[in-house]
Structure formats: structure tokens, C-alpha cells
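For reference, work.txt is printed below; it contains compact mmCIF, C-alpha atoms.
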```
# COMPACT_ATOMS: atom_id res chain seq x y z
CA MET F 1 2.60 -4.92 10.13
CA GLY F 2 4.11 -5.52 6.74
CA GLU F 3 7.28 -7.23 5.57
CA PRO F 4 10.58 -5.45 4.83
CA MET F 5 11.26 -4.57 1.24
CA SER F 6 12.87 -7.56 -0.44
CA GLN F 7 16.56 -7.58 -1.16
CA PRO F 8 17.60 -7.40 -4.82
CA GLN F 9 17.32 -10.78 -6.51
CA PRO F 10 18.64 -12.08 -9.84
CA HIS F 11 16.75 -10.20 -12.50
CA ALA F 12 13.69 -11.90 -13.98
CA MET F 13 13.69 -12.68 -17.68
CA TRP F 14 11.98 -10.05 -19.87
CA THR F 15 8.93 -11.65 -21.48
CA ASP F 16 6.53 -10.95 -24.34
CA ALA F 17 3.97 -9.88 -21.76
CA ASP F 18 6.43 -7.36 -20.31
CA GLU F 19 7.13 -6.08 -23.81
CA ALA F 20 3.41 -5.60 -24.46
CA ALA F 21 3.04 -3.66 -21.21
CA ALA F 22 6.04 -1.47 -22.07
CA ARG F 23 4.51 -0.63 -25.46
CA ALA F 24 1.25 0.30 -23.76
CA VAL F 25 3.07 3.00 -21.77
CA GLN F 26 3.57 4.89 -25.05
CA LEU F 27 6.92 6.32 -23.97
CA PRO F 28 10.27 5.48 -25.59
CA GLY F 29 12.48 3.77 -23.06
CA ALA F 30 9.63 2.63 -20.78
CA ARG F 31 11.32 -0.74 -20.38
CA THR F 32 14.03 0.94 -18.30
CA LEU F 33 11.59 1.44 -15.43
CA LEU F 34 9.88 -1.94 -15.81
CA ASP F 35 12.96 -4.14 -16.12
CA SER F 36 15.33 -4.32 -13.14
CA ALA F 37 18.22 -5.37 -15.38
CA GLU F 38 17.77 -2.32 -17.60
CA LEU F 39 17.48 0.03 -14.64
CA SER F 40 20.56 -1.52 -13.03
CA ALA F 41 22.55 -0.81 -16.20
CA VAL F 42 21.45 2.83 -16.16
CA LEU F 43 22.23 3.26 -12.45
CA GLY F 44 25.55 1.45 -12.70
CA GLN F 45 24.68 -0.86 -9.81
CA GLN F 46 22.33 -3.74 -9.11
CA ALA F 47 18.79 -2.60 -8.30
CA THR F 48 15.44 -4.35 -7.98
CA ILE F 49 12.25 -2.53 -8.93
CA SER F 50 9.62 -2.92 -6.21
CA ARG F 51 6.79 -0.66 -7.37
CA VAL F 52 5.76 1.06 -10.60
CA ARG F 53 3.02 3.46 -11.56
CA ILE F 54 2.30 4.45 -15.14
CA LYS F 55 0.41 7.24 -16.88
CA PRO F 56 0.29 6.23 -20.55
CA GLY F 57 1.84 8.81 -22.85
CA HIS F 58 2.99 10.85 -19.88
CA SER F 59 5.18 9.16 -17.27
CA VAL F 60 6.44 6.09 -15.45
CA VAL F 61 7.70 6.23 -11.88
CA ALA F 62 9.39 3.34 -10.08
CA ALA F 63 10.69 2.56 -6.60
CA PHE F 64 13.76 0.38 -6.33
CA THR F 65 16.20 -1.07 -3.80
CA THR F 66 19.93 -1.46 -4.41
CA ALA F 67 22.16 -4.34 -3.39
CA GLU F 68 23.26 -2.14 -0.44
CA SER F 69 19.61 -1.86 0.69
CA GLU F 70 19.37 1.79 -0.35
CA SER F 71 15.88 2.88 -1.41
CA GLY F 72 15.43 5.10 -4.43
CA TRP F 73 13.05 6.21 -7.14
CA ALA F 74 13.30 6.90 -10.86
CA MET F 75 11.03 8.70 -13.29
CA LEU F 76 10.59 8.75 -17.06
CA THR F 77 8.43 11.64 -18.23
CA LEU F 78 7.68 14.02 -21.07
CA ASP F 79 7.06 16.86 -18.60
CA PRO F 80 10.05 19.20 -18.23
CA ASP F 81 8.46 20.72 -15.11
CA LYS F 82 8.75 17.35 -13.34
CA LEU F 83 12.47 17.29 -14.05
CA GLY F 84 12.92 20.91 -12.99
CA LYS F 85 11.08 20.47 -9.71
CA ALA F 86 12.93 17.24 -8.92
CA ARG F 87 16.28 18.90 -9.61
CA HIS F 88 15.43 21.89 -7.40
CA ARG F 89 14.21 19.59 -4.63
CA ALA F 90 17.47 17.65 -4.74
CA GLN F 91 19.46 20.91 -4.58
CA ASP F 92 17.38 22.16 -1.66
CA ASP F 93 17.94 18.89 0.17
CA ALA F 94 21.61 18.50 -0.67
CA GLY F 95 22.36 17.22 2.83
CA ALA F 96 19.84 14.43 2.48
CA ALA F 97 21.17 13.55 -0.96
CA ARG F 98 24.63 12.96 0.46
CA GLU F 99 23.19 10.33 2.81
CA GLY F 100 21.83 8.11 0.06
CA LEU F 101 21.75 7.81 -3.68
CA PRO F 102 22.64 10.99 -5.60
CA PHE F 103 20.15 12.77 -7.80
CA LEU F 104 21.08 11.93 -11.39
CA VAL F 105 19.67 12.96 -14.77
CA HIS F 106 20.15 10.06 -17.16
CA ALA F 107 18.40 11.58 -20.20
CA GLN F 108 18.51 15.32 -20.77
CA HIS F 109 15.95 15.31 -23.59
CA GLN F 110 12.38 14.05 -23.87
CA PRO F 111 11.46 11.69 -22.47
CA TYR F 112 13.51 12.76 -19.47
CA LEU F 113 14.91 10.06 -17.19
CA PHE F 114 16.17 10.87 -13.70
CA SER F 115 16.57 9.15 -10.35
CA GLY F 116 17.39 9.82 -6.72
CA SER F 117 17.30 8.67 -3.14
CA LEU F 118 14.09 8.04 -1.24
CA TRP F 119 15.05 11.14 0.77
CA SER F 120 14.68 13.28 -2.37
CA ASP F 121 11.30 11.87 -3.37
CA PRO F 122 9.78 14.75 -5.40
CA VAL F 123 6.58 14.84 -3.33
CA LEU F 124 7.56 13.36 0.06
CA ALA F 125 11.06 14.78 0.57
CA LYS F 126 10.08 17.65 2.87
CA ASP F 127 7.73 15.41 4.84
CA LEU F 128 10.41 12.72 5.26
CA GLN F 129 12.97 15.27 6.40
CA GLY F 130 10.50 16.89 8.78
CA ALA F 131 9.62 13.53 10.33
CA ARG F 132 13.26 12.58 10.73
CA ARG F 133 14.16 15.89 12.37
CA ALA F 134 11.30 15.48 14.82
CA LEU F 135 12.31 11.93 15.65
CA ASN F 136 15.98 12.82 16.08
CA GLN F 137 15.09 15.72 18.37
CA GLU F 138 12.93 13.47 20.52
CA SER F 139 15.63 10.81 20.55
CA CYS F 140 18.23 13.35 21.68
CA GLY F 141 15.94 14.69 24.36
CA ASN F 142 15.08 11.29 25.77
CA HIS F 143 18.33 9.33 25.73
CA GLY F 144 19.05 7.16 28.71
CA PRO F 145 21.53 7.84 31.52
CA GLY F 146 25.08 7.88 30.26
CA GLU F 147 23.97 7.73 26.64
CA LYS F 148 25.42 10.48 24.48
CA ARG F 149 23.64 11.42 21.31
CA GLU F 150 24.46 14.59 19.47
CA PRO F 151 21.70 16.69 17.93
CA GLY F 152 21.26 15.85 14.27
CA THR F 153 22.57 12.30 14.64
CA ILE F 154 21.21 10.25 11.77
CA GLN F 155 19.24 7.27 13.03
CA PRO F 156 18.82 4.56 10.36
CA TRP F 157 15.36 3.67 9.11
CA LYS F 158 14.36 0.21 7.88
CA ILE F 159 12.17 0.88 4.88
CA LEU F 160 9.20 -1.48 4.62
CA ARG F 161 7.41 0.08 1.65
CA HIS F 162 7.99 3.01 -0.67
CA ASN F 163 5.27 4.00 -3.11
CA PRO F 164 6.98 6.92 -4.89
CA ARG F 165 5.27 10.28 -4.51
CA ARG F 166 2.60 8.60 -2.35
CA ARG F 167 3.74 6.90 0.84
CA VAL F 168 6.69 5.58 2.86
CA VAL F 169 6.37 3.02 5.67
CA ALA F 170 9.44 2.39 7.81
CA VAL F 171 10.56 0.95 11.13
CA VAL F 172 12.42 3.67 13.02
CA PRO F 173 14.79 3.37 15.99
CA PRO F 174 13.55 3.78 19.55
CA ALA F 175 13.50 7.19 21.18
CA GLY F 176 14.90 6.99 24.70
CA GLY F 177 14.86 3.20 24.67
CA ARG F 178 11.07 2.95 24.31
CA GLY F 179 11.03 0.44 21.47
CA GLU F 180 10.96 0.60 17.70
CA LYS F 181 8.08 2.36 15.96
CA VAL F 182 6.32 1.96 12.63
CA LEU F 183 6.32 5.32 10.84
CA ARG F 184 4.01 6.25 7.97
CA VAL F 185 4.64 9.34 5.86
CA ALA F 186 2.02 10.30 3.29
CA SER F 187 -0.04 13.25 2.10
CA ARG F 188 -1.65 15.55 4.64
CA GLY F 189 -5.16 14.39 3.72
CA THR F 190 -4.31 10.69 3.95
CA THR F 191 -2.49 11.09 7.25
CA GLY F 192 -5.25 13.23 8.74
CA THR F 193 -7.87 10.66 7.80
CA ALA F 194 -5.85 7.82 9.32
CA LEU F 195 -5.26 9.67 12.58
CA ALA F 196 -8.87 10.82 12.98
CA THR F 197 -10.11 7.32 12.19
CA ALA F 198 -7.78 5.69 14.72
CA ARG F 199 -8.82 8.08 17.47
CA ARG F 200 -12.52 7.62 16.79
CA TRP F 201 -12.31 3.84 16.63
CA ARG F 202 -10.27 3.62 19.82
CA ASP F 203 -13.06 5.54 21.52
CA LEU F 204 -15.45 2.86 20.27
CA GLY F 205 -13.33 0.23 22.00
CA LEU F 206 -11.79 -1.35 18.89
CA PRO F 207 -8.37 -3.03 19.26
CA LEU F 208 -5.94 -0.60 17.67
CA VAL F 209 -2.33 0.42 18.20
CA ASN F 210 -2.15 4.02 19.41
CA SER F 211 -0.98 6.36 16.61
CA THR F 212 0.82 9.63 17.32
CA PRO F 213 1.54 12.56 14.96
CA VAL F 214 5.22 13.19 14.20
CA GLY F 215 6.51 16.66 13.46
CA SER F 216 4.47 19.70 12.53
CA ARG F 217 3.66 19.08 8.87
CA GLY F 218 0.64 16.84 9.48
CA THR F 219 1.99 14.16 7.15
CA ALA F 220 3.58 11.60 9.49
CA LEU F 221 2.30 9.18 12.10
CA TRP F 222 4.03 6.60 14.20
CA ALA F 223 2.84 3.70 16.29
CA PRO F 224 4.56 1.07 18.44
CA LEU F 225 5.93 -1.97 16.61
CA TRP F 226 3.32 -4.08 18.34
CA GLY F 227 2.80 -7.82 18.28
CA TRP F 228 4.34 -10.88 16.72
CA ALA F 229 3.10 -11.33 13.13
CA ASP F 230 0.11 -10.64 10.92
CA LEU F 231 -2.58 -13.11 9.89
CA SER F 232 -1.33 -13.38 6.31
CA SER F 233 1.95 -14.92 7.44
CA GLN F 234 0.69 -16.66 10.61
CA PRO F 235 -2.99 -17.59 10.18
CA TYR F 236 -4.65 -18.44 13.48
CA GLY F 237 -8.35 -19.14 13.93
CA PRO F 238 -9.09 -17.53 17.32
CA ALA F 239 -7.28 -14.33 16.31
CA THR F 240 -9.23 -14.26 13.05
CA VAL F 241 -12.47 -14.60 15.01
CA SER F 242 -11.36 -11.59 17.10
CA ALA F 243 -10.81 -9.59 13.91
CA GLY F 244 -14.31 -10.45 12.72
CA GLU F 245 -15.74 -9.40 16.07
CA ALA F 246 -13.93 -6.06 15.83
CA LEU F 247 -15.27 -5.29 12.36
CA GLY F 248 -18.76 -6.43 13.29
CA THR F 249 -18.64 -4.09 16.28
CA LEU F 250 -17.43 -1.20 14.13
CA HIS F 251 -20.21 -1.65 11.60
CA ARG F 252 -22.90 -2.09 14.26
CA LEU F 253 -21.87 1.02 16.19
CA THR F 254 -21.49 3.29 13.16
CA LEU F 255 -24.39 2.13 10.97
CA VAL F 256 -26.69 4.96 9.88
CA SER F 257 -29.85 5.02 7.77
CA ARG F 258 -28.23 7.11 5.01
CA ARG F 259 -28.08 5.18 1.74
CA THR F 260 -24.62 4.83 0.24
CA PRO F 261 -24.15 5.29 -3.52
CA LEU F 262 -23.11 2.30 -5.60
CA PRO F 263 -19.63 2.29 -7.15
CA THR F 264 -19.27 3.40 -10.76
CA ASP F 265 -15.57 2.75 -11.34
CA THR F 266 -15.61 -0.85 -12.53
CA VAL F 267 -15.10 0.12 -16.18
CA THR F 268 -12.08 2.22 -15.23
CA ALA F 269 -10.64 -0.70 -13.26
CA ALA F 270 -11.10 -3.04 -16.23
CA ALA F 271 -9.47 -0.52 -18.56
CA SER F 272 -6.36 -0.38 -16.37
CA ILE F 273 -6.02 -4.16 -16.76
CA ALA F 274 -6.63 -4.07 -20.51
CA LEU F 275 -3.89 -1.43 -20.83
CA ILE F 276 -1.08 -3.55 -19.41
CA ALA F 277 -2.48 -6.94 -20.49
CA PRO F 278 -4.56 -6.43 -23.66
CA TRP F 279 -5.20 -10.17 -24.00
CA LEU F 280 -7.05 -10.03 -20.63
CA GLY F 281 -9.11 -6.99 -21.58
CA PRO F 282 -12.22 -8.95 -22.67
CA GLN F 283 -12.23 -10.98 -19.44
CA ALA F 284 -11.75 -7.85 -17.30
CA HIS F 285 -14.49 -5.87 -19.05
CA ALA F 286 -16.92 -8.81 -18.90
CA LEU F 287 -16.31 -9.11 -15.16
CA ALA F 288 -16.77 -5.36 -14.70
CA GLU F 289 -20.09 -5.47 -16.54
CA ARG F 290 -21.34 -8.38 -14.43
CA ILE F 291 -20.37 -6.59 -11.22
CA GLN F 292 -22.12 -3.40 -12.29
CA ASP F 293 -25.26 -5.31 -13.22
CA ARG F 294 -25.32 -7.04 -9.83
CA PHE F 295 -24.86 -3.75 -8.00
CA SER F 296 -27.75 -2.27 -9.98
CA ASP F 297 -29.95 -5.22 -9.06
CA MET F 298 -29.08 -4.95 -5.34
CA GLY F 299 -29.61 -1.23 -4.97
CA PRO F 300 -27.96 0.98 -2.32
CA SER F 301 -27.30 -0.14 1.24
CA LEU F 302 -27.17 1.47 4.64
CA THR F 303 -23.90 3.21 5.48
CA ALA F 304 -21.27 2.42 8.11
CA GLU F 305 -17.65 3.30 8.73
CA LEU F 306 -15.29 0.95 6.88
CA HIS F 307 -11.66 -0.08 7.10
CA GLY F 308 -11.59 0.21 3.33
CA ASP F 309 -8.62 -2.10 2.71
CA LEU F 310 -9.33 -5.06 4.95
CA SER F 311 -7.05 -8.07 4.55
CA PRO F 312 -5.15 -10.54 6.77
CA ASP F 313 -1.98 -8.44 6.67
CA GLN F 314 -3.90 -5.61 8.34
CA VAL F 315 -4.45 -7.69 11.48
CA VAL F 316 -1.52 -8.18 13.87
CA LEU F 317 -1.39 -10.96 16.48
CA ALA F 318 -0.13 -10.25 19.99
CA ALA F 319 1.84 -13.52 20.32
CA PRO F 320 1.83 -17.13 19.08
CA GLY F 321 -1.38 -18.82 20.17
CA SER F 322 -3.02 -15.58 21.31
CA HIS F 323 -6.46 -14.42 20.24
CA LYS F 324 -5.54 -10.79 20.94
CA ILE F 325 -5.16 -8.66 17.83
CA ARG F 326 -4.72 -5.10 16.63
CA LEU F 327 -6.11 -3.59 13.43
CA ILE F 328 -3.67 -1.40 11.48
CA ASP F 329 -3.39 0.84 8.41
CA PHE F 330 -6.36 3.18 8.07
CA ASP F 331 -5.19 5.15 5.03
CA ARG F 332 -8.24 4.02 3.05
CA ALA F 333 -10.81 4.26 5.83
CA THR F 334 -14.12 5.47 4.45
CA THR F 335 -17.88 5.03 4.75
CA GLY F 336 -20.12 2.78 2.72
CA ASP F 337 -21.77 -0.63 2.50
CA PRO F 338 -20.56 -2.76 5.45
CA MET F 339 -20.39 -5.77 3.14
CA ARG F 340 -17.54 -4.06 1.28
CA ASP F 341 -15.19 -4.87 4.17
CA LEU F 342 -16.34 -8.50 4.18
CA GLY F 343 -15.82 -8.74 0.43
CA SER F 344 -12.37 -7.19 0.69
CA TRP F 345 -11.41 -9.68 3.41
CA ALA F 346 -12.63 -12.71 1.44
CA ALA F 347 -10.95 -11.54 -1.76
CA ALA F 348 -7.58 -11.07 -0.04
CA CYS F 349 -7.83 -14.45 1.69
CA ARG F 350 -8.48 -16.25 -1.61
CA ARG F 351 -5.54 -14.50 -3.31
CA LEU F 352 -3.35 -15.60 -0.39
CA HIS F 353 -4.69 -19.18 -0.45
CA ARG F 354 -5.97 -18.59 3.10
CA ASN F 355 -9.61 -19.57 2.55
CA ILE F 356 -9.90 -20.95 6.09
CA LEU F 357 -9.64 -17.39 7.40
CA ILE F 358 -12.89 -16.44 5.65
CA GLU F 359 -15.02 -18.76 7.75
CA ASP F 360 -13.29 -17.83 11.02
CA PHE F 361 -13.71 -14.12 10.29
CA GLN F 362 -17.39 -14.57 9.48
CA THR F 363 -17.88 -16.46 12.76
CA GLY F 364 -16.61 -13.46 14.69
CA TYR F 365 -18.49 -10.96 12.56
CA LEU F 366 -21.83 -12.75 12.88
CA SER F 367 -21.49 -12.75 16.66
CA ARG F 368 -21.79 -8.94 16.49
CA ARG F 369 -24.17 -8.28 13.59
CA ALA F 370 -25.87 -9.93 10.63
CA ALA F 371 -24.29 -10.19 7.21
CA ASP F 372 -25.62 -10.33 3.65
CA PRO F 373 -23.64 -13.05 1.82
CA ALA F 374 -24.99 -12.06 -1.61
CA ARG F 375 -23.86 -8.44 -1.25
CA ALA F 376 -20.54 -9.54 0.22
CA ALA F 377 -19.93 -11.78 -2.81
CA VAL F 378 -20.40 -8.88 -5.23
CA TRP F 379 -18.01 -6.75 -3.19
CA GLU F 380 -15.56 -9.66 -3.24
CA ALA F 381 -15.67 -9.67 -7.03
CA TYR F 382 -15.24 -5.88 -7.02
CA ALA F 383 -12.18 -6.20 -4.78
CA GLN F 384 -10.64 -8.82 -7.06
CA LEU F 385 -11.15 -6.63 -10.12
CA HIS F 386 -9.43 -3.68 -8.47
CA ALA F 387 -6.61 -5.82 -7.04
CA ALA F 388 -5.86 -7.61 -10.30
CA PRO F 389 -3.16 -5.17 -11.57
CA ASP F 390 -1.21 -5.29 -8.29
CA PRO F 391 1.19 -8.09 -9.35
CA PHE F 392 2.23 -5.95 -12.31
CA ARG F 393 2.64 -2.87 -10.13
CA VAL F 394 5.03 -4.70 -7.79
CA ARG F 395 6.78 -6.31 -10.79
CA ASP F 396 6.11 -9.88 -9.76
CA PRO F 397 7.59 -12.05 -12.55
CA ARG F 398 4.38 -14.11 -12.51
CA TRP F 399 2.17 -11.07 -13.05
CA PRO F 400 0.30 -12.23 -16.20
CA ASP F 401 -0.81 -15.49 -14.56
CA LEU F 402 -1.61 -13.77 -11.25
CA ILE F 403 -3.78 -11.14 -12.93
CA GLN F 404 -5.71 -13.82 -14.77
CA ARG F 405 -6.13 -15.86 -11.59
CA THR F 406 -7.45 -12.80 -9.73
CA LEU F 407 -10.00 -12.11 -12.46
CA THR F 408 -11.09 -15.75 -12.30
CA LEU F 409 -11.51 -15.46 -8.54
CA GLY F 410 -13.76 -12.47 -9.17
CA GLU F 411 -15.87 -14.51 -11.57
CA GLU F 412 -16.12 -17.34 -9.06
CA ALA F 413 -17.36 -14.92 -6.39
CA LEU F 414 -20.28 -13.93 -8.61
CA ASP F 415 -21.05 -17.56 -9.39
CA ARG F 416 -21.01 -18.67 -5.79
```

C-alpha cells encoding of this file:
Amino acid sequence: MGEPMSQPQPHAMWTDADEAAARAVQLPGARTLLDSAELSAVLGQQATISRVRIKPGHSVVAAFTTAESESGWAMLTLDPDKLGKARHRAQDDAGAAREGLPFLVHAQHQPYLFSGSLWSDPVLAKDLQGARRALNQESCGNHGPGEKREPGTIQPWKILRHNPRRRVVAVVPPAGGRGEKVLRVASRGTTGTALATARRWRDLGLPLVNSTPVGSRGTALWAPLWGWADLSSQPYGPATVSAGEALGTLHRLTLVSRRTPLPTDTVTAAASIALIAPWLGPQAHALAERIQDRFSDMGPSLTAELHGDLSPDQVVLAAPGSHKIRLIDFDRATTGDPMRDLGSWAAACRRLHRNILIEDFQTGYLSRRAADPARAAVWEAYAQLHAAPDPFRVRDPRWPDLIQRTLTLGEEALDR
């Protein structure tokens, strides 16, 4: 279900580790989009960075939230075309710009620095506007007796997550009094995959919230704001068993004899860690090599449909003390080794200090199909390697220690 984006907090102290990461970006001024205090000074108001993505020697893009809970983005880039397109997008969507943060160019020469409202996101702006128009039209057409709502009325969104140029997740107001919805806006391919997956899995009898397309662009879905809490915030054994049963059922019903190729991206994952934390590079590359060797020893597996990003926050409980659950978020649904989902689950639980959920999930899973603990352990290590940079990406002040801990968890999975 996800938690709302955090409100701006007192800015974390800039550390030597942060400085090393900023140098690795290879762009003058990179600190501005890694340090909330620096960005706040540029914007002229308090802002907290919530997500960053870097392309060394090319660009940095960041999502941020202001003290007034406005969501925005900023980009530092050497590419003049990025600036030109962002400026034209902001001009085309002048109405949207007036509703939030203005589009501003803070550096007119390379590297260019500019920022704007979530509504002028250089990639998602048209999709966000299209989804909002569709929702407002439905809301106007379904208002209750005596309720007056003019066409075009702006209904506020509560932004849960904003990954600039990639995805927005928000809670949107009810249409015609039918309850709040969770809206996801992303690329056409990602949204199409999520919708097709949800429909197919519902036909298989899996516990899912019904997703519905929004608008005509094929980039937005909404679903009821179902349930009470997710398992990451409210761990509960019987609900975790239900989640394991659901995944075991999925894998059993979709398993085919086709052999799935082994992953080959461990070196790339290790390199992304070494870039931002050079002192952890040797540990990351050693873990990547061990994972690759273990995959080579195991050989390919049979193929099933996978959640692809399985973790306790992707399982929502119906109510306190209820075993009823719903699976959510199918943006990364794919096919592959069924043990990948088990490894992803275990890795997330250990990062969250929710180890008890691993055993409960396995109990449910094993009631539906057999598991291979050795394969699952290698996939757990793989998941830890790929998740290790996340604390840096969300600008957690503890990111150096959290990355190292995640790598250590990966090593422990292989030693288990």
C-alpha cells in the first residue's frame, strides 16, 4: 500500500561519504541534488530530497518535497536538449505549473540546473494531466445528490511516491463517494504489463485488488484503497501464510517446462555500488562473483510467472487479526525461476528485521508446492546485491552503513 512521502525534516549533515558520491557523479554542482540543504538554498524554500538517480558524467535527477508538501523534481545535466524539452513542456502545461511549483532554470550554462512541479515532470507530465482530467470528469459525472462540482475542479492528490521520469503513486479523492483510490502513473509498457498481469492472476483466483485503466493514454491505473496496513508495518503470521499460499499457487499454476536463462547482471549491480561507495567496491564485486559462480553451478530452472518485486510491503492485510490479504504492485512482474520470488521475499524481510515472516511465508508456500532452499538462498543474495544502493537513492542519512549491511546479508545468504 505504501507510506506517504515523508515531510521535510532538518537537513542531514553532509559527510565524507556523501562527498565521495558527489565526486563520482562527475558533474560540477552534483552536491546540489544530493544535499537537501543545498537544494533548499537554490529553491529559496525548505525541501527534502526523497529520490535521486544518477548517470555519471551526464545527469542527476532528484525528487523532493517542500515544507508545504508540494512535490517537485530537479535536474542537473550537460544535455541542452533536456533543458529545452523541459522548458517547452512547462510552457505547454502552463496551467498545471500555476497549481504547483514554477518551472525555474537555476543555471543557464553547462551543467544546466532546472526544477519544476511534479505536474511538469519531463516524461510523465502529459500522463499525469490525462489521468487527472479523466478522474475529474468521472468525479463530476458521479457526484451525489445535491453535490455541486464544476467541470475542471481540481481534486487534491496525496503523493505517496515520485520517481522522476519513471513513476508516480498517489491516493486520489473518491469519485461519486465511492472511496479513495490508489493511482499509479508510469510508462505505457510498465502500466500495460501491470494491468495484464493483474487480470490474468485474478482469473487464476489469486487475491488481488481490482485494477482499472484511467484515461486513454494507457499509462495510468487505479485500484481501491483496500485494507488496513501492509505486512512490513504490521507483521502478522496468518496473513503471511496466506501470502505464501498465493505465491505457491501462482507458481504451481503457471510453471512450464521451458528453461529460464540465468541472470548476467551481477557485475553491473556491483559496479553501481562501487561508483557511489568506492570503499565497498571490493565487497560488492566479490559478492557478485560468488553469486554468478553459484548460478553457474545450479544451472537453469523451470519457468513460472513471478511477482518480480516480492516483499512484505507488497502484501496488504484486510483488517487487524485477519488472514485475508491482497497482493499489490505488479510493475516488475515477469517470468523466471520461482525461487527468485522466495529469495526476494527473504531478502526484504531481513533488511526490515522481519525474519519471522520468512518462516511463515514458507509455511504457506510449501502447502502449495515444493521449494528449493539452495536456489532460493542464491536468489536472496542476488536480491540483496541489487537492493544495496537503495538507501543512497532515497538519501537515507545512514546509507553507507545500510549498503554495507545489505551486502553482508547477501554474503550470509550464500553461507547459510

Return the padded bounding box of segment 332-338 of chain F as lines of an AutoDock Vina configuration file: axis-aligned, built from all atoms listed in the file, 5 Å added on each side, with centre and edge lengths in Å to one decimal.
```
center_x = -15.0
center_y = 1.4
center_z = 4.2
size_x = 23.5
size_y = 18.2
size_z = 13.3
```

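Minimum atom-to-atom distances from F:Ala388, F:Leu206, F:Ile325, F:Ala223 to His307 of chain F were compared using all atoms listed in the file, and the lowest value belongs to F:Leu206.
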
Using all atoms listed in the file, which of F:Val172, F:Ala319, F:Ile159, F:Ala41 sits nearest Asn136 of chain F?
->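 Looking at the shortest contact to Asn136 of chain F, the residue is F:Val172.
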
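The nearest approach to Pro389 of chain F among the residues F:Val52, F:Ala67, F:Ala376, F:Ala286, with only C-alpha atoms taken into account, belongs to F:Val52.
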
So, counting only C-alpha atoms, which residue among F:His251, F:Asp415, F:Thr266, F:Gly57 is closest to Met339 of chain F?
-> F:His251

Of the candidates F:Gly308, F:Pro111, F:Gly100, F:Gly227, which shows the shortest atom-to-atom distance to Pro28 of chain F, using all atoms listed in the file?
->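 Looking at the shortest contact to Pro28 of chain F, the residue is F:Pro111.
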
Smallest atom-to-atom distance to Pro207 of chain F: which of F:Ala186, F:Ser242, F:Pro282, F:Thr303, using all atoms listed in the file?
->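 Ranking F:Ala186, F:Ser242, F:Pro282, F:Thr303 by distance to Pro207 of chain F, first place goes to F:Ser242.
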
Test item: which residues lie within 6 Å of (-13.5, -6.6, -3.2) counting all atoms listed in the file, as a ChimeraX atom specification = /F:343-344,347,379-384

Place a sphere of radius 9 Å on (-6.1, -10.8, 2.2) in the file coordinates and name every protein, DNA or RNA residue with an atom inside or on its surface, counting only C-alpha atoms; give the answer as a ChimeraX atom specification.
-> /F:231-232,310-314,344-354

Shell of 7 Å around segment 269-273 of chain F, all atoms listed in the file, local chain residues under 5 positions omitted, as a ChimeraX atom specification = /F:281,284-285,288,385-386,389

What's the 7 Å shell around segment 391-394 of chain F, counting all atoms listed in the file, without same-chain residues fewer than 3 positions away, as a ChimeraX atom specification?
-> /F:50-53,399,402-403

N, CA and C atoms modelled onto segment 388-407 of chain F, as a short mmCIF file (atom, residue, chain, number, x, y, z; two decimals), in the frame of the given file:
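Printed below is out23.cif as written:
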```
data_model
loop_
_atom_site.label_atom_id
_atom_site.label_comp_id
_atom_site.auth_asym_id
_atom_site.auth_seq_id
_atom_site.Cartn_x
_atom_site.Cartn_y
_atom_site.Cartn_z
N ALA F 388 -6.50 -6.81 -9.25
CA ALA F 388 -5.86 -7.61 -10.30
C ALA F 388 -4.55 -7.02 -10.83
N PRO F 389 -4.43 -5.69 -11.03
CA PRO F 389 -3.16 -5.17 -11.57
C PRO F 389 -2.01 -5.15 -10.57
N ASP F 390 -2.26 -5.44 -9.30
CA ASP F 390 -1.21 -5.29 -8.29
C ASP F 390 0.05 -6.10 -8.59
N PRO F 391 -0.05 -7.36 -9.05
CA PRO F 391 1.19 -8.09 -9.35
C PRO F 391 2.07 -7.40 -10.39
N PHE F 392 1.43 -6.73 -11.35
CA PHE F 392 2.23 -5.95 -12.31
C PHE F 392 2.88 -4.76 -11.63
N ARG F 393 2.12 -4.08 -10.78
CA ARG F 393 2.64 -2.87 -10.13
C ARG F 393 3.84 -3.16 -9.24
N VAL F 394 3.89 -4.34 -8.64
CA VAL F 394 5.03 -4.70 -7.79
C VAL F 394 6.05 -5.52 -8.56
N ARG F 395 5.86 -5.65 -9.86
CA ARG F 395 6.78 -6.31 -10.79
C ARG F 395 7.06 -7.76 -10.40
N ASP F 396 6.00 -8.45 -10.00
CA ASP F 396 6.11 -9.88 -9.76
C ASP F 396 6.32 -10.56 -11.12
N PRO F 397 7.35 -11.40 -11.25
CA PRO F 397 7.59 -12.05 -12.55
C PRO F 397 6.40 -12.87 -13.04
N ARG F 398 5.52 -13.29 -12.14
CA ARG F 398 4.38 -14.11 -12.51
C ARG F 398 3.14 -13.27 -12.82
N TRP F 399 3.31 -11.97 -13.02
CA TRP F 399 2.17 -11.07 -13.05
C TRP F 399 1.09 -11.44 -14.07
N PRO F 400 1.41 -11.90 -15.28
CA PRO F 400 0.30 -12.23 -16.20
C PRO F 400 -0.61 -13.32 -15.65
N ASP F 401 0.00 -14.39 -15.11
CA ASP F 401 -0.81 -15.49 -14.56
C ASP F 401 -1.57 -15.05 -13.31
N LEU F 402 -0.94 -14.21 -12.48
CA LEU F 402 -1.61 -13.77 -11.25
C LEU F 402 -2.78 -12.84 -11.55
N ILE F 403 -2.65 -12.00 -12.56
CA ILE F 403 -3.78 -11.14 -12.93
C ILE F 403 -4.95 -12.00 -13.42
N GLN F 404 -4.64 -12.97 -14.27
CA GLN F 404 -5.71 -13.82 -14.77
C GLN F 404 -6.38 -14.60 -13.65
N ARG F 405 -5.56 -15.13 -12.72
CA ARG F 405 -6.13 -15.86 -11.59
C ARG F 405 -7.04 -14.96 -10.75
N THR F 406 -6.64 -13.72 -10.53
CA THR F 406 -7.45 -12.80 -9.73
C THR F 406 -8.77 -12.51 -10.41
N LEU F 407 -8.75 -12.32 -11.73
CA LEU F 407 -10.00 -12.11 -12.46
C LEU F 407 -10.89 -13.34 -12.35
#
```
